[in-house]
$ cat data.pdb   # PDB, C-alpha atoms
ATOM      1  CA  MET A   1      31.143  22.829  44.987
ATOM      2  CA  ALA A   2      31.609  23.623  41.304
ATOM      3  CA  GLU A   3      31.693  27.155  39.986
ATOM      4  CA  VAL A   4      29.136  27.895  37.281
ATOM      5  CA  LEU A   5      28.853  30.825  34.883
ATOM      6  CA  ALA A   6      25.338  31.614  33.665
ATOM      7  CA  PHE A   7      24.241  33.951  30.891
ATOM      8  CA  ALA A   8      21.987  34.279  27.857
ATOM      9  CA  GLY A   9      23.253  34.593  24.304
ATOM     10  CA  SER A  10      21.225  37.777  23.988
ATOM     11  CA  ASN A  11      22.182  41.380  24.644
ATOM     12  CA  SER A  12      18.564  42.498  25.011
ATOM     13  CA  SER A  13      17.617  44.140  28.303
ATOM     14  CA  THR A  14      14.294  42.267  28.098
ATOM     15  CA  SER A  15      15.698  38.869  27.111
ATOM     16  CA  ILE A  16      13.388  35.921  27.793
ATOM     17  CA  ASN A  17      16.448  33.679  27.589
ATOM     18  CA  TYR A  18      17.997  35.613  30.463
ATOM     19  CA  GLU A  19      14.769  35.042  32.416
ATOM     20  CA  LEU A  20      15.144  31.301  31.790
ATOM     21  CA  VAL A  21      18.777  31.452  32.937
ATOM     22  CA  LYS A  22      17.813  33.230  36.182
ATOM     23  CA  TYR A  23      15.110  30.643  36.850
ATOM     24  CA  THR A  24      17.555  27.800  36.211
ATOM     25  CA  VAL A  25      20.226  29.103  38.562
ATOM     26  CA  SER A  26      17.610  29.668  41.272
ATOM     27  CA  LEU A  27      17.296  25.866  41.367
ATOM     28  CA  MET A  28      21.017  25.250  41.751
ATOM     29  CA  ASP A  29      21.779  24.868  45.435
ATOM     30  CA  ASN A  30      25.304  23.970  46.543
ATOM     31  CA  HIS A  31      27.019  25.653  43.599
ATOM     32  CA  LYS A  32      28.729  28.997  43.321
ATOM     33  CA  VAL A  33      26.988  30.678  40.372
ATOM     34  CA  GLN A  34      27.936  33.905  38.649
ATOM     35  CA  THR A  35      25.113  35.261  36.493
ATOM     36  CA  LEU A  36      25.936  37.836  33.826
ATOM     37  CA  ASP A  37      23.516  40.205  32.114
ATOM     38  CA  MET A  38      24.930  40.377  28.598
ATOM     39  CA  SER A  39      23.149  43.679  27.872
ATOM     40  CA  ARG A  40      26.034  45.128  29.884
ATOM     41  CA  TYR A  41      28.663  43.544  27.607
ATOM     42  CA  PRO A  42      28.768  45.330  24.251
ATOM     43  CA  PHE A  43      31.330  44.009  21.819
ATOM     44  CA  PRO A  44      32.153  45.506  18.429
ATOM     45  CA  MET A  45      31.334  43.394  15.403
ATOM     46  CA  TYR A  46      34.244  41.040  14.826
ATOM     47  CA  SER A  47      36.546  41.743  11.904
ATOM     48  CA  ALA A  48      40.177  40.873  11.331
ATOM     49  CA  ASP A  49      40.846  44.577  10.762
ATOM     50  CA  GLU A  50      39.278  45.499  14.123
ATOM     51  CA  GLU A  51      41.318  42.806  15.873
ATOM     52  CA  LYS A  52      44.554  43.959  14.206
ATOM     53  CA  LYS A  53      43.891  47.632  14.903
ATOM     54  CA  LYS A  54      42.566  47.458  18.486
ATOM     55  CA  GLY A  55      43.308  43.965  19.752
ATOM     56  CA  PHE A  56      41.069  42.423  22.403
ATOM     57  CA  SER A  57      38.922  44.578  24.673
ATOM     58  CA  ASN A  58      39.276  44.411  28.434
ATOM     59  CA  SER A  59      35.646  43.285  28.718
ATOM     60  CA  LEU A  60      36.329  40.335  26.383
ATOM     61  CA  ILE A  61      39.404  39.305  28.355
ATOM     62  CA  GLU A  62      37.390  39.665  31.585
ATOM     63  CA  PHE A  63      34.567  37.561  30.151
ATOM     64  CA  LYS A  64      36.976  34.822  29.042
ATOM     65  CA  GLY A  65      38.392  34.868  32.577
ATOM     66  CA  TYR A  66      34.921  34.202  33.989
ATOM     67  CA  ILE A  67      34.603  31.209  31.676
ATOM     68  CA  GLN A  68      37.999  29.841  32.655
ATOM     69  CA  GLN A  69      37.185  30.148  36.377
ATOM     70  CA  SER A  70      34.060  28.039  35.882
ATOM     71  CA  GLN A  71      33.644  24.310  35.572
ATOM     72  CA  GLY A  72      30.109  24.658  34.266
ATOM     73  CA  LEU A  73      28.123  26.941  32.031
ATOM     74  CA  VAL A  74      24.368  27.559  32.001
ATOM     75  CA  LEU A  75      23.593  29.150  28.650
ATOM     76  CA  SER A  76      20.311  29.991  26.974
ATOM     77  CA  VAL A  77      20.540  31.096  23.350
ATOM     78  CA  ASN A  78      18.022  33.220  21.537
ATOM     79  CA  GLU A  79      17.017  32.698  17.947
ATOM     80  CA  HIS A  80      16.847  35.061  14.996
ATOM     81  CA  ASN A  81      15.487  33.536  11.786
ATOM     82  CA  GLY A  82      16.316  29.996  12.905
ATOM     83  CA  ASN A  83      19.896  30.819  13.890
ATOM     84  CA  PRO A  84      21.746  32.057  16.962
ATOM     85  CA  SER A  85      21.637  35.840  17.226
ATOM     86  CA  SER A  86      24.388  37.873  15.610
ATOM     87  CA  TYR A  87      25.342  39.056  19.111
ATOM     88  CA  PHE A  88      26.000  35.499  20.300
ATOM     89  CA  LYS A  89      27.797  34.518  17.078
ATOM     90  CA  ASN A  90      29.940  37.637  17.418
ATOM     91  CA  LEU A  91      30.788  36.738  21.023
ATOM     92  CA  ILE A  92      31.860  33.247  19.915
ATOM     93  CA  ASP A  93      33.959  34.753  17.112
ATOM     94  CA  TRP A  94      35.800  37.088  19.492
ATOM     95  CA  LEU A  95      36.340  34.428  22.168
ATOM     96  CA  SER A  96      37.646  31.889  19.659
ATOM     97  CA  ARG A  97      40.159  34.427  18.340
ATOM     98  CA  LEU A  98      41.365  35.063  21.872
ATOM     99  CA  GLU A  99      41.713  31.314  22.508
ATOM    100  CA  ARG A 100      40.374  28.584  20.212
ATOM    101  CA  LYS A 101      39.477  26.141  23.024
ATOM    102  CA  PHE A 102      38.009  28.803  25.321
ATOM    103  CA  LEU A 103      35.486  26.255  26.664
ATOM    104  CA  GLU A 104      38.016  23.470  27.343
ATOM    105  CA  ASP A 105      36.852  21.219  30.207
ATOM    106  CA  THR A 106      33.575  23.146  30.580
ATOM    107  CA  VAL A 107      30.310  21.256  31.099
ATOM    108  CA  VAL A 108      27.338  23.064  29.529
ATOM    109  CA  PHE A 109      23.596  23.092  30.173
ATOM    110  CA  LEU A 110      22.367  24.545  26.874
ATOM    111  CA  MET A 111      18.871  25.992  26.613
ATOM    112  CA  ALA A 112      16.761  28.113  24.308
ATOM    113  CA  ALA A 113      13.476  29.919  24.804
ATOM    114  CA  SER A 114      11.219  31.593  22.293
ATOM    115  CA  THR A 115       7.754  33.072  22.147
ATOM    116  CA  GLY A 116       6.974  30.726  19.248
ATOM    117  CA  LYS A 117       6.114  27.041  19.302
ATOM    118  CA  GLY A 118       9.570  26.032  18.036
ATOM    119  CA  GLY A 119      11.257  26.950  21.298
ATOM    120  CA  GLY A 120      14.406  28.229  19.608
ATOM    121  CA  LYS A 121      15.314  24.715  18.457
ATOM    122  CA  GLY A 122      17.123  25.978  15.353
ATOM    123  CA  SER A 123      19.499  28.075  17.416
ATOM    124  CA  LEU A 124      19.743  25.353  20.055
ATOM    125  CA  GLY A 125      20.740  22.746  17.470
ATOM    126  CA  ILE A 126      23.360  24.937  15.827
ATOM    127  CA  THR A 127      24.876  25.949  19.157
ATOM    128  CA  ASP A 128      24.854  22.329  20.363
ATOM    129  CA  LYS A 129      26.898  21.415  17.276
ATOM    130  CA  ILE A 130      29.471  24.216  17.497
ATOM    131  CA  LEU A 131      30.267  24.420  21.227
ATOM    132  CA  PRO A 132      32.239  21.136  21.324
ATOM    133  CA  SER A 133      34.636  22.525  18.704
ATOM    134  CA  PHE A 134      35.650  25.074  21.346
ATOM    135  CA  GLY A 135      36.195  22.396  23.985
ATOM    136  CA  ALA A 136      32.751  22.288  25.646
ATOM    137  CA  GLU A 137      30.923  19.188  26.766
ATOM    138  CA  VAL A 138      27.204  19.797  26.280
ATOM    139  CA  ALA A 139      25.727  17.683  29.071
ATOM    140  CA  SER A 140      22.069  18.412  28.378
ATOM    141  CA  THR A 141      19.735  20.649  26.412
ATOM    142  CA  PHE A 142      16.300  22.123  27.002
ATOM    143  CA  SER A 143      13.906  24.051  24.781
ATOM    144  CA  LEU A 144      11.131  26.275  26.154
ATOM    145  CA  PRO A 145       8.484  27.067  23.521
ATOM    146  CA  SER A 146       5.655  29.589  23.779
ATOM    147  CA  PHE A 147       7.402  31.540  26.523
ATOM    148  CA  ASN A 148       4.484  33.911  27.170
ATOM    149  CA  GLU A 149       2.186  30.950  27.848
ATOM    150  CA  THR A 150       4.658  28.611  29.636
ATOM    151  CA  PHE A 151       6.630  30.983  31.875
ATOM    152  CA  ALA A 152       5.304  33.469  34.434
ATOM    153  CA  THR A 153       6.376  35.095  37.682
ATOM    154  CA  GLY A 154       9.913  33.868  37.269
ATOM    155  CA  GLU A 155       9.259  30.176  36.643
ATOM    156  CA  ILE A 156       8.132  27.579  34.129
ATOM    157  CA  THR A 157       4.385  27.129  34.590
ATOM    158  CA  ASP A 158       3.736  24.224  32.218
ATOM    159  CA  VAL A 159       4.052  21.064  34.332
ATOM    160  CA  ALA A 160       5.469  18.820  31.603
ATOM    161  CA  LEU A 161       8.045  21.425  30.521
ATOM    162  CA  LYS A 162       8.989  22.078  34.141
ATOM    163  CA  GLU A 163       9.671  18.354  34.587
ATOM    164  CA  GLN A 164      11.727  18.228  31.356
ATOM    165  CA  HIS A 165      13.749  21.216  32.515
ATOM    166  CA  ALA A 166      14.341  19.669  35.956
ATOM    167  CA  ALA A 167      15.508  16.406  34.369
ATOM    168  CA  ALA A 168      17.902  18.201  31.980
ATOM    169  CA  LEU A 169      19.240  20.309  34.853
ATOM    170  CA  GLN A 170      19.821  17.163  36.901
ATOM    171  CA  VAL A 171      21.852  15.584  34.085
ATOM    172  CA  PHE A 172      23.985  18.742  33.911
ATOM    173  CA  LEU A 173      24.518  18.813  37.675
ATOM    174  CA  GLN A 174      25.503  15.148  37.755
ATOM    175  CA  LYS A 175      28.060  15.699  34.971
ATOM    176  CA  LEU A 176      29.335  18.784  36.778
ATOM    177  CA  ASN A 177      29.987  16.863  39.980
TER     178      ASN A 177
END
$ encode --input "data.pdb" --output "structure tokens"
Amino acid sequence: MAEVLAFAGSNSSTSINYELVKYTVSLMDNHKVQTLDMSRYPFPMYSADEEKKKGFSNSLIEFKGYIQQSQGLVLSVNEHNGNPSSYFKNLIDWLSRLERKFLEDTVVFLMAASTGKGGGKGSLGITDKILPSFGAEVASTFSLPSFNETFATGEITDVALKEQHAAALQVFLQKLN
């Protein structure tokens, strides 16, 4: 039984990406999953001066510990103007300063959801490119477009997208085991 950490790259209390994460982990039987609500993890904006003056926060060290305890990561990234959110980029910046290969030996199921038809593919593509530089193995990806029309009552309602999600999740789970 692999341990999996699950979270969204958003610090919004109403994150649709967090909703997608919760749905995904509800389908993961036989795995120990820790789901984190990132709206409870505020981090200051990264700067070399801030790092020099205050070092690394306890919450950052705790978060890195959660990653290191996990063999897998379920992550759904939000998109702002075609890019990952500044919150997620900031989190990556802090973690990489703490330890460059903070995702070493971690298998990732990378997702994105958006209310638009693009499904957060800009952010998904950028994140898919950068995570391996921190040691991650991105096993599979999934994009959920038009969230308000394709997701309701805690699940994907569009049949084709639900099947795509299930297939991508299966690839992740096979890599994890």
$ residues_around --input "data.pdb" --residues "Ile16 (chain A)" --least-positions-apart "2" --cutoff "12 Å" --atoms "all atoms listed in the file" --output "number ranges by chain"
A: 7-14, 18-23, 37, 76-79, 111-116, 119-120, 144-148, 150-152, 154-156
$ closest_residue --input "data.pdb" --among "A:Leu5, A:Thr153, A:Ala139, A:Ser133" --to "Ser96 (chain A)" --atoms "only C-alpha atoms"
A:Ser133
$ resolve_selection --input "data.pdb" --expression "the PyMOL selection byres ((chain A and resi 56) around 12)" --output "VMD selection string"
chain A and resid 43 to 44 46 to 55 57 to 64 91 93 to 99
$ write_last_selection --input "data.pdb" --atoms "C-alpha atoms" --output "PDB file, in the frame of the given file"
ATOM      1  CA  PHE A  43      31.330  44.009  21.819  1.00  0.00           C
ATOM      2  CA  PRO A  44      32.153  45.506  18.429  1.00  0.00           C
ATOM      3  CA  TYR A  46      34.244  41.040  14.826  1.00  0.00           C
ATOM      4  CA  SER A  47      36.546  41.743  11.904  1.00  0.00           C
ATOM      5  CA  ALA A  48      40.177  40.873  11.331  1.00  0.00           C
ATOM      6  CA  ASP A  49      40.846  44.577  10.762  1.00  0.00           C
ATOM      7  CA  GLU A  50      39.278  45.499  14.123  1.00  0.00           C
ATOM      8  CA  GLU A  51      41.318  42.806  15.873  1.00  0.00           C
ATOM      9  CA  LYS A  52      44.554  43.959  14.206  1.00  0.00           C
ATOM     10  CA  LYS A  53      43.891  47.632  14.903  1.00  0.00           C
ATOM     11  CA  LYS A  54      42.566  47.458  18.486  1.00  0.00           C
ATOM     12  CA  GLY A  55      43.308  43.965  19.752  1.00  0.00           C
ATOM     13  CA  SER A  57      38.922  44.578  24.673  1.00  0.00           C
ATOM     14  CA  ASN A  58      39.276  44.411  28.434  1.00  0.00           C
ATOM     15  CA  SER A  59      35.646  43.285  28.718  1.00  0.00           C
ATOM     16  CA  LEU A  60      36.329  40.335  26.383  1.00  0.00           C
ATOM     17  CA  ILE A  61      39.404  39.305  28.355  1.00  0.00           C
ATOM     18  CA  GLU A  62      37.390  39.665  31.585  1.00  0.00           C
ATOM     19  CA  PHE A  63      34.567  37.561  30.151  1.00  0.00           C
ATOM     20  CA  LYS A  64      36.976  34.822  29.042  1.00  0.00           C
ATOM     21  CA  LEU A  91      30.788  36.738  21.023  1.00  0.00           C
ATOM     22  CA  ASP A  93      33.959  34.753  17.112  1.00  0.00           C
ATOM     23  CA  TRP A  94      35.800  37.088  19.492  1.00  0.00           C
ATOM     24  CA  LEU A  95      36.340  34.428  22.168  1.00  0.00           C
ATOM     25  CA  SER A  96      37.646  31.889  19.659  1.00  0.00           C
ATOM     26  CA  ARG A  97      40.159  34.427  18.340  1.00  0.00           C
ATOM     27  CA  LEU A  98      41.365  35.063  21.872  1.00  0.00           C
ATOM     28  CA  GLU A  99      41.713  31.314  22.508  1.00  0.00           C
TER      29      GLU A  99
END
$ atom_distance --input "data.pdb" --atom1 "CA of Val107 (chain A)" --atom2 "CA of Thr35 (chain A)"
15.9 Å
$ atom_distance --input "data.pdb" --atom1 "CA of Asp128 (chain A)" --atom2 "CA of Ser140 (chain A)"
9.3 Å
$ closest_residue --input "data.pdb" --among "A:Ser15, A:Ser143, A:Gln71, A:Ser123" --to "Leu161 (chain A)" --atoms "all atoms listed in the file"
A:Ser143
$ resolve_selection --input "data.pdb" --expression "the PyMOL selection byres ((chain A and resi 134) around 10)" --output "PyMOL selection string"
chain A and resi 92+95-96+99-106+130-133+135-137
$ atom_distance --input "data.pdb" --atom1 "CA of Thr141 (chain A)" --atom2 "CA of Leu110 (chain A)"
4.7 Å
$ axis_aligned_box --input "data.pdb" --around "region 150-163 of chain A" --padding-each-side "4 Å" --output "lines of an AutoDock Vina configuration file"
center_x = 6.8
center_y = 26.7
center_z = 33.7
size_x = 14.2
size_y = 24.7
size_z = 16.0
$ closest_residue --input "data.pdb" --among "A:Thr157, A:Ser26, A:Asn17, A:Gln164" --to "Pro84 (chain A)" --atoms "all atoms listed in the file"
A:Asn17
$ resolve_selection --input "data.pdb" --expression "the PyMOL selection byres ((chain A and resi 174) around 12)" --output "VMD selection string"
chain A and resid 1 to 2 28 72 107 to 109 139 to 140 167 to 173 175 to 177
$ closest_residue --input "data.pdb" --among "A:Glu149, A:Asp158, A:Val138, A:Leu73" --to "Lys117 (chain A)" --atoms "only C-alpha atoms"
A:Glu149
